[in-house]
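K.L.:
I have a structure I would like to understand better, so I am pasting it below and will then ask my questions one at a time.
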Amino acid sequence: MTPLEILSATISGQASPRVPVFCNLLDQGAKLLNIPPKQYFANGEYVADAQLKMLQHYGHDNVWSAHYVGKEAQLLGCKDILFADNGVPNVADFVIKSWDDIATFEIPEDITQQPTWQAMDDCLKILSSEVGATHPICAYVTGSTTLPAILMGMDKWMELVLIGPVELRDELVRKCSLFVQQQLKAYRAAGANVIIYANPFGSTYFIPKKRIVDWSMPWMQEDLKQGTGSIVYYGGMAPINSVIEMVIDKLKVNIFYPAPEDDIRESMRLINGKGLTSGVLDDIKMIHWTEQQTRDEVKRIMTLGKTGGHFLFGTGFMPLKLPEENIIAMLDAAFKYGRY
Amino acid sequence: MFETYIKDYNEAVFEIDKELALEIIETALKDGVTPEQVVFDIIIPSIEEMMAEISINADTNLAQHFMTAQIAAEITEKMLAKFESPPEIIGRVIIGTSYGDLHSLGKRIVMGCLKSMMVDVVDLGVNVKAETFVDAAVAQDAQIIAISSMMVHTATGEEGSLKVRSLLKERGLEDKIKLVVGGAPYRFDHELYNKVGADSWAADGVTAAKIIRELILEGKS
Ligand code: B12
């Protein structure tokens, strides 16, 4: 079976030879090609090339589009991204500087006409033609109740959410939701077949459950109203076990990517065969593990996850600091202990 | 006599109801509670209670921490203006996010908690160089440098906490100035603070204020 068939079988609960293994390598591509991250991410061909090379080198299951979260802000007018040679790109220019800017903030008519989209499109085209029939191709979309964090800064957004005028808050989220819907459509059209829907404001680590029910959930429904096919619910590495039942019930999403803090057994109990969950390895801790510790952790995750089927193994956005030996040990163990 | 105020106030904060929290303080003032009492007998104990709550109940959320910090800092500031004589400040903290890091929420929460616990805070903003942290701490006579980092490379990189440590060492300041760190990477790896040369760390803003206060008091004794 191809990695894509293994994933489909896992989602639908059919027999498959092993657990799918997602290994999220993004910034590593620039290192591999020895191109500064800024130039690397601006060129879809570079990114596709590196993604394919890494796939060959490591043998994991998934590839990524030309992505860092700041691209979403760039599509919306952000003029400055702080690139780092040793780490992830960071938004350095906030499109919304004061509450007054919300009224004039506009979503582009068609994001695929934006210069920033070009690299994404080029990258996805190459990936689709090379591995689209065999491998999961991942894209990442930030949920509308979290997106403002990269448009105005997290502290200003938290303030607006908690103590600001409700109409203003929702005016901004409404615009963001239109953008989310455009992105989903564009990614699907360009060939992405796994869409990570990231929404930390859909995690009780950020806001109380009641606020999620009353506020985030209706917006998430709006974001995903074109359909929830291939959508993966992700808290951005914030825990999500406490919302799983609600998400299945209200949002009709049934693929989950929890945080390492989420208890795997509990995720499985909550999903109860109605969907797929993931065992996510803590790749920040992994930086300082030995190869043996890495293998032991993979074994622990796989042993727990395999008992229920409907299970995927994955990582966060792998930090550049991770030793190569640990990545290899992790994948080797994942294929060994992930066999059914 | 302050128990009811503390209880009502904390409930309001936990429910993220700022208006109600402010109303409770207004009522207390009307009932004859002095501004000094509001700070020392309501706000500070309420934060302490929150600390206790957090240690037994892991299910608190960032919104609650944010509100605790925000409301307490606001009220404390208002009350300080009304104090009969200037309050005694426990110590001073220099805070900022590490070089290359523009995530500001953690810093803001920690600052709010510190301010309401009578710790003076000097905010250097985001994307702060190691030298700037150390220079400011010396110039402002601070006992603590606090660095917030939300990404692995800014937490563990050569330009962040590690460099602050080596500068403190170089300049013979290690006894005088303690280094405290926090942010997402430290919550994922609880030993990380050690590896970046920090003296301590905390997983949330309220606990951060607690350990920073303890470090300052330790230094004094
Ligand atoms: C929300 C979130 C997002 C949101 C919003 C980001 C933002 N703030 O602008 C979105 C979805 C947009 C996002 C995007 C990205 N994210 Co993000 N994100 C998160 C998440 C879930 C929470 C981070 C956050 O804002 N927390 C708010 C702070 C205040 O919360 P806190 O850490 O609990 O703070 C408390 C304590 O840490 C403590 N504290 C904080 N500072 C200090 C200081 C001192 C001195 C002390 C004592 C205590 C202390 O007190 C605070 C209050 O209680 C974390 C994972 C997680 N579970 O934490 C990942 C995480 C930070 N993100 C991560 C990454 C990689 C990214 C991206 C770079 C992805 C990409 N490739 O583009 C982008 C960058 C976006 C940008 N800014 O340009 C990684 C970073 C690790 C790494 N690999 O370097 C994390 C850890 C997830 C992971 N494990 O992979 N993210």
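By order in the structure tokens, chains are A, B, ...; within a chain, residues start at 1; ligands start at 1, following the order shown.
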Report as CSV: every residue of chain A with an atom at most 9 Å from chain B, its closest pair of atoms, and their distance in Å to one decimal, counting only C-alpha atoms, with rows sorted by chain and ascending residue number.
P.N.:
residue,atom,partner,partner_atom,distance
A:Leu82,CA,B:Gly100,CA,7.4
A:Phe83,CA,B:Gly100,CA,8.6
A:Ala84,CA,B:Gly100,CA,7.6
A:Asn86,CA,B:His153,CA,6.2
A:Gly87,CA,B:His153,CA,5.1
A:Val88,CA,B:His153,CA,7.6
A:Asn90,CA,B:Leu102,CA,7.3
A:Val91,CA,B:Leu102,CA,7.6
A:Ala92,CA,B:Leu102,CA,6.8
A:Gly153,CA,B:Ser104,CA,7.1
A:Met154,CA,B:Leu105,CA,5.7
A:Asp155,CA,B:Leu105,CA,4.3
A:Lys156,CA,B:Leu105,CA,8.1
A:Met158,CA,B:Ala63,CA,7.5
A:Glu159,CA,B:Phe66,CA,8.4
A:Leu162,CA,B:Ile16,CA,7.3
A:Ile163,CA,B:Lys18,CA,7.3
A:Thr204,CA,B:Asn61,CA,6.3
A:Tyr205,CA,B:Asn61,CA,4.8
A:Phe206,CA,B:Leu62,CA,4.8
A:Ile207,CA,B:Ala63,CA,5.3
A:Pro208,CA,B:Asn61,CA,6.6
A:Pro260,CA,B:Phe188,CA,8.6
A:Glu261,CA,B:Phe188,CA,8.5
A:Asp282,CA,B:Phe188,CA,7.3
A:Asp283,CA,B:Phe188,CA,8.9
A:Ile284,CA,B:Phe188,CA,6.4
A:Lys285,CA,B:Asp189,CA,5.2
A:Met286,CA,B:Asp189,CA,8.9
A:His288,CA,B:Leu192,CA,8.9
A:Pro319,CA,B:Val152,CA,6.7
A:Leu320,CA,B:His153,CA,7.9
A:Lys321,CA,B:His153,CA,7.6
K.L.:
Show which residues sit within 9 Å of Lys71 (chain A), as a PyMOL selection string. Count only C-alpha atoms, and ignore same-chain residues fewer than 5 positions away.
P.N.:
chain A and resi 66+76+78+81+91+116-117
K.L.:
Please return as JSON, numbers by chain: the residues of region 96-172 of chain B that backbone DSSP assigns to alpha helix (DSSP H).
P.N.:
{"B": [105, 106, 107, 108, 109, 110, 111, 112, 113, 114, 115, 116, 130, 131, 132, 133, 134, 135, 136, 137, 138, 139, 152, 153, 154, 155, 156, 161, 162, 163, 164, 165, 166, 167, 168, 169, 170]}
K.L.:
Could you please take those selected residues and save C-alpha atoms as a PDB file, in the first residue's frame?
P.N.:
ATOM      1  CA  LEU B 105       1.651  37.708  25.572  1.00  0.00           C
ATOM      2  CA  GLY B 106       3.684  35.730  28.127  1.00  0.00           C
ATOM      3  CA  LYS B 107       5.684  38.774  29.087  1.00  0.00           C
ATOM      4  CA  ARG B 108       2.572  40.840  29.532  1.00  0.00           C
ATOM      5  CA  ILE B 109       0.948  38.299  31.848  1.00  0.00           C
ATOM      6  CA  VAL B 110       4.073  37.917  33.956  1.00  0.00           C
ATOM      7  CA  MET B 111       4.423  41.712  34.232  1.00  0.00           C
ATOM      8  CA  GLY B 112       0.875  42.164  35.425  1.00  0.00           C
ATOM      9  CA  CYS B 113       1.302  39.578  38.162  1.00  0.00           C
ATOM     10  CA  LEU B 114       4.614  41.063  39.309  1.00  0.00           C
ATOM     11  CA  LYS B 115       3.317  44.619  39.456  1.00  0.00           C
ATOM     12  CA  SER B 116       0.444  43.676  41.662  1.00  0.00           C
ATOM     13  CA  ALA B 130      21.487  39.974  25.671  1.00  0.00           C
ATOM     14  CA  GLU B 131      23.703  43.017  26.303  1.00  0.00           C
ATOM     15  CA  THR B 132      20.648  45.231  26.613  1.00  0.00           C
ATOM     16  CA  PHE B 133      19.215  42.980  29.311  1.00  0.00           C
ATOM     17  CA  VAL B 134      22.416  43.049  31.340  1.00  0.00           C
ATOM     18  CA  ASP B 135      23.119  46.763  30.838  1.00  0.00           C
ATOM     19  CA  ALA B 136      19.596  47.647  31.885  1.00  0.00           C
ATOM     20  CA  ALA B 137      19.759  45.416  34.950  1.00  0.00           C
ATOM     21  CA  VAL B 138      22.964  47.122  36.075  1.00  0.00           C
ATOM     22  CA  ALA B 139      21.760  50.646  35.282  1.00  0.00           C
ATOM     23  CA  VAL B 152      13.025  26.808  20.535  1.00  0.00           C
ATOM     24  CA  HIS B 153      15.688  28.743  18.658  1.00  0.00           C
ATOM     25  CA  THR B 154      15.146  31.915  20.654  1.00  0.00           C
ATOM     26  CA  ALA B 155      15.086  29.993  23.931  1.00  0.00           C
ATOM     27  CA  THR B 156      18.187  27.921  23.262  1.00  0.00           C
ATOM     28  CA  SER B 161      19.563  33.362  27.767  1.00  0.00           C
ATOM     29  CA  LEU B 162      22.914  31.599  27.245  1.00  0.00           C
ATOM     30  CA  LYS B 163      24.560  34.881  26.355  1.00  0.00           C
ATOM     31  CA  VAL B 164      22.956  36.712  29.268  1.00  0.00           C
ATOM     32  CA  ARG B 165      24.429  34.049  31.528  1.00  0.00           C
ATOM     33  CA  SER B 166      27.894  34.409  30.061  1.00  0.00           C
ATOM     34  CA  LEU B 167      27.743  38.198  30.331  1.00  0.00           C
ATOM     35  CA  LEU B 168      26.673  37.967  33.971  1.00  0.00           C
ATOM     36  CA  LYS B 169      29.585  35.646  34.589  1.00  0.00           C
ATOM     37  CA  GLU B 170      32.068  37.804  32.706  1.00  0.00           C
TER      38      GLU B 170
END
K.L.:
If DSSP is run on the backbone, what residues of region 85-163 of chain A are strand (DSSP E or B)? A reply as a PDB file with all heavy atoms, in the first residue's frame would be ideal.
P.N.:
ATOM      1  N   GLY A  87      16.213  28.927  13.086  1.00  0.00           N
ATOM      2  CA  GLY A  87      14.874  28.629  13.598  1.00  0.00           C
ATOM      3  C   GLY A  87      13.756  29.072  12.681  1.00  0.00           C
ATOM      4  O   GLY A  87      13.977  29.403  11.513  1.00  0.00           O
ATOM      5  N   VAL A  88      12.549  29.087  13.252  1.00  0.00           N
ATOM      6  CA  VAL A  88      11.342  29.329  12.472  1.00  0.00           C
ATOM      7  C   VAL A  88      11.127  30.809  12.151  1.00  0.00           C
ATOM      8  O   VAL A  88      11.469  31.669  12.940  1.00  0.00           O
ATOM      9  CB  VAL A  88      10.105  28.785  13.227  1.00  0.00           C
ATOM     10  CG1 VAL A  88      10.090  27.288  13.203  1.00  0.00           C
ATOM     11  CG2 VAL A  88      10.078  29.281  14.660  1.00  0.00           C
ATOM     12  N   PRO A  89      10.514  31.101  10.986  1.00  0.00           N
ATOM     13  CA  PRO A  89      10.213  32.491  10.637  1.00  0.00           C
ATOM     14  C   PRO A  89       9.093  33.046  11.520  1.00  0.00           C
ATOM     15  O   PRO A  89       8.187  32.308  11.908  1.00  0.00           O
ATOM     16  CB  PRO A  89       9.731  32.392   9.184  1.00  0.00           C
ATOM     17  CG  PRO A  89      10.080  31.025   8.712  1.00  0.00           C
ATOM     18  CD  PRO A  89      10.116  30.162   9.917  1.00  0.00           C
ATOM     19  N   ASN A  90       9.181  34.322  11.792  1.00  0.00           N
ATOM     20  CA  ASN A  90       8.261  34.958  12.734  1.00  0.00           C
ATOM     21  C   ASN A  90       7.696  36.253  12.147  1.00  0.00           C
ATOM     22  O   ASN A  90       8.435  37.025  11.546  1.00  0.00           O
ATOM     23  CB  ASN A  90       9.083  35.297  13.975  1.00  0.00           C
ATOM     24  CG  ASN A  90       8.287  35.148  15.244  1.00  0.00           C
ATOM     25  OD1 ASN A  90       8.439  35.924  16.166  1.00  0.00           O
ATOM     26  ND2 ASN A  90       7.424  34.177  15.291  1.00  0.00           N
ATOM     27  N   VAL A  91       6.403  36.472  12.352  1.00  0.00           N
ATOM     28  CA  VAL A  91       5.784  37.716  11.880  1.00  0.00           C
ATOM     29  C   VAL A  91       6.388  38.907  12.620  1.00  0.00           C
ATOM     30  O   VAL A  91       6.428  38.920  13.845  1.00  0.00           O
ATOM     31  CB  VAL A  91       4.265  37.686  12.140  1.00  0.00           C
ATOM     32  CG1 VAL A  91       3.637  39.027  11.800  1.00  0.00           C
ATOM     33  CG2 VAL A  91       3.612  36.583  11.326  1.00  0.00           C
ATOM     34  N   ILE A 137      -0.134  15.184   1.084  1.00  0.00           N
ATOM     35  CA  ILE A 137       0.481  16.507   0.906  1.00  0.00           C
ATOM     36  C   ILE A 137      -0.223  17.462   1.871  1.00  0.00           C
ATOM     37  O   ILE A 137      -1.425  17.694   1.754  1.00  0.00           O
ATOM     38  CB  ILE A 137       0.316  17.007  -0.541  1.00  0.00           C
ATOM     39  CG1 ILE A 137       0.984  16.019  -1.513  1.00  0.00           C
ATOM     40  CG2 ILE A 137       0.905  18.403  -0.692  1.00  0.00           C
ATOM     41  CD1 ILE A 137       0.813  16.391  -2.985  1.00  0.00           C
ATOM     42  N   CYS A 138       0.547  18.005   2.808  1.00  0.00           N
ATOM     43  CA  CYS A 138      -0.065  18.784   3.884  1.00  0.00           C
ATOM     44  C   CYS A 138      -0.072  20.277   3.604  1.00  0.00           C
ATOM     45  O   CYS A 138       0.895  20.829   3.087  1.00  0.00           O
ATOM     46  CB  CYS A 138       0.692  18.583   5.189  1.00  0.00           C
ATOM     47  SG  CYS A 138       0.703  16.884   5.756  1.00  0.00           S
ATOM     48  N   ALA A 139      -1.173  20.910   3.984  1.00  0.00           N
ATOM     49  CA  ALA A 139      -1.255  22.367   4.000  1.00  0.00           C
ATOM     50  C   ALA A 139      -1.759  22.773   5.382  1.00  0.00           C
ATOM     51  O   ALA A 139      -2.325  21.949   6.108  1.00  0.00           O
ATOM     52  CB  ALA A 139      -2.205  22.859   2.920  1.00  0.00           C
ATOM     53  N   TYR A 140      -1.554  24.024   5.721  1.00  0.00           N
ATOM     54  CA  TYR A 140      -1.842  24.492   7.075  1.00  0.00           C
ATOM     55  C   TYR A 140      -2.690  25.752   7.006  1.00  0.00           C
ATOM     56  O   TYR A 140      -2.345  26.703   6.312  1.00  0.00           O
ATOM     57  CB  TYR A 140      -0.505  24.791   7.744  1.00  0.00           C
ATOM     58  CG  TYR A 140      -0.529  25.255   9.176  1.00  0.00           C
ATOM     59  CD1 TYR A 140      -0.154  24.393  10.196  1.00  0.00           C
ATOM     60  CD2 TYR A 140      -0.866  26.563   9.504  1.00  0.00           C
ATOM     61  CE1 TYR A 140      -0.125  24.820  11.516  1.00  0.00           C
ATOM     62  CE2 TYR A 140      -0.847  26.992  10.823  1.00  0.00           C
ATOM     63  CZ  TYR A 140      -0.465  26.122  11.820  1.00  0.00           C
ATOM     64  OH  TYR A 140      -0.426  26.540  13.124  1.00  0.00           O
ATOM     65  N   VAL A 141      -3.806  25.744   7.709  1.00  0.00           N
ATOM     66  CA  VAL A 141      -4.683  26.916   7.728  1.00  0.00           C
ATOM     67  C   VAL A 141      -5.003  27.261   9.181  1.00  0.00           C
ATOM     68  O   VAL A 141      -5.445  26.409   9.946  1.00  0.00           O
ATOM     69  CB  VAL A 141      -5.983  26.629   6.941  1.00  0.00           C
ATOM     70  CG1 VAL A 141      -6.966  27.783   7.084  1.00  0.00           C
ATOM     71  CG2 VAL A 141      -5.689  26.385   5.466  1.00  0.00           C
ATOM     72  N   THR A 142      -4.774  28.499   9.553  1.00  0.00           N
ATOM     73  CA  THR A 142      -5.055  28.931  10.924  1.00  0.00           C
ATOM     74  C   THR A 142      -6.530  29.315  11.052  1.00  0.00           C
ATOM     75  O   THR A 142      -7.047  30.066  10.212  1.00  0.00           O
ATOM     76  CB  THR A 142      -4.168  30.141  11.291  1.00  0.00           C
ATOM     77  OG1 THR A 142      -2.808  29.812  11.034  1.00  0.00           O
ATOM     78  CG2 THR A 142      -4.315  30.514  12.755  1.00  0.00           C
TER      79      THR A 142
END
K.L.:
Using only C-alpha atoms and all ligand atoms, which of A:Ala119, A:Val63, A:Leu75, A:Leu281 sits nearest ligand 1?
P.N.:
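Nearest to ligand 1: A:Leu281.
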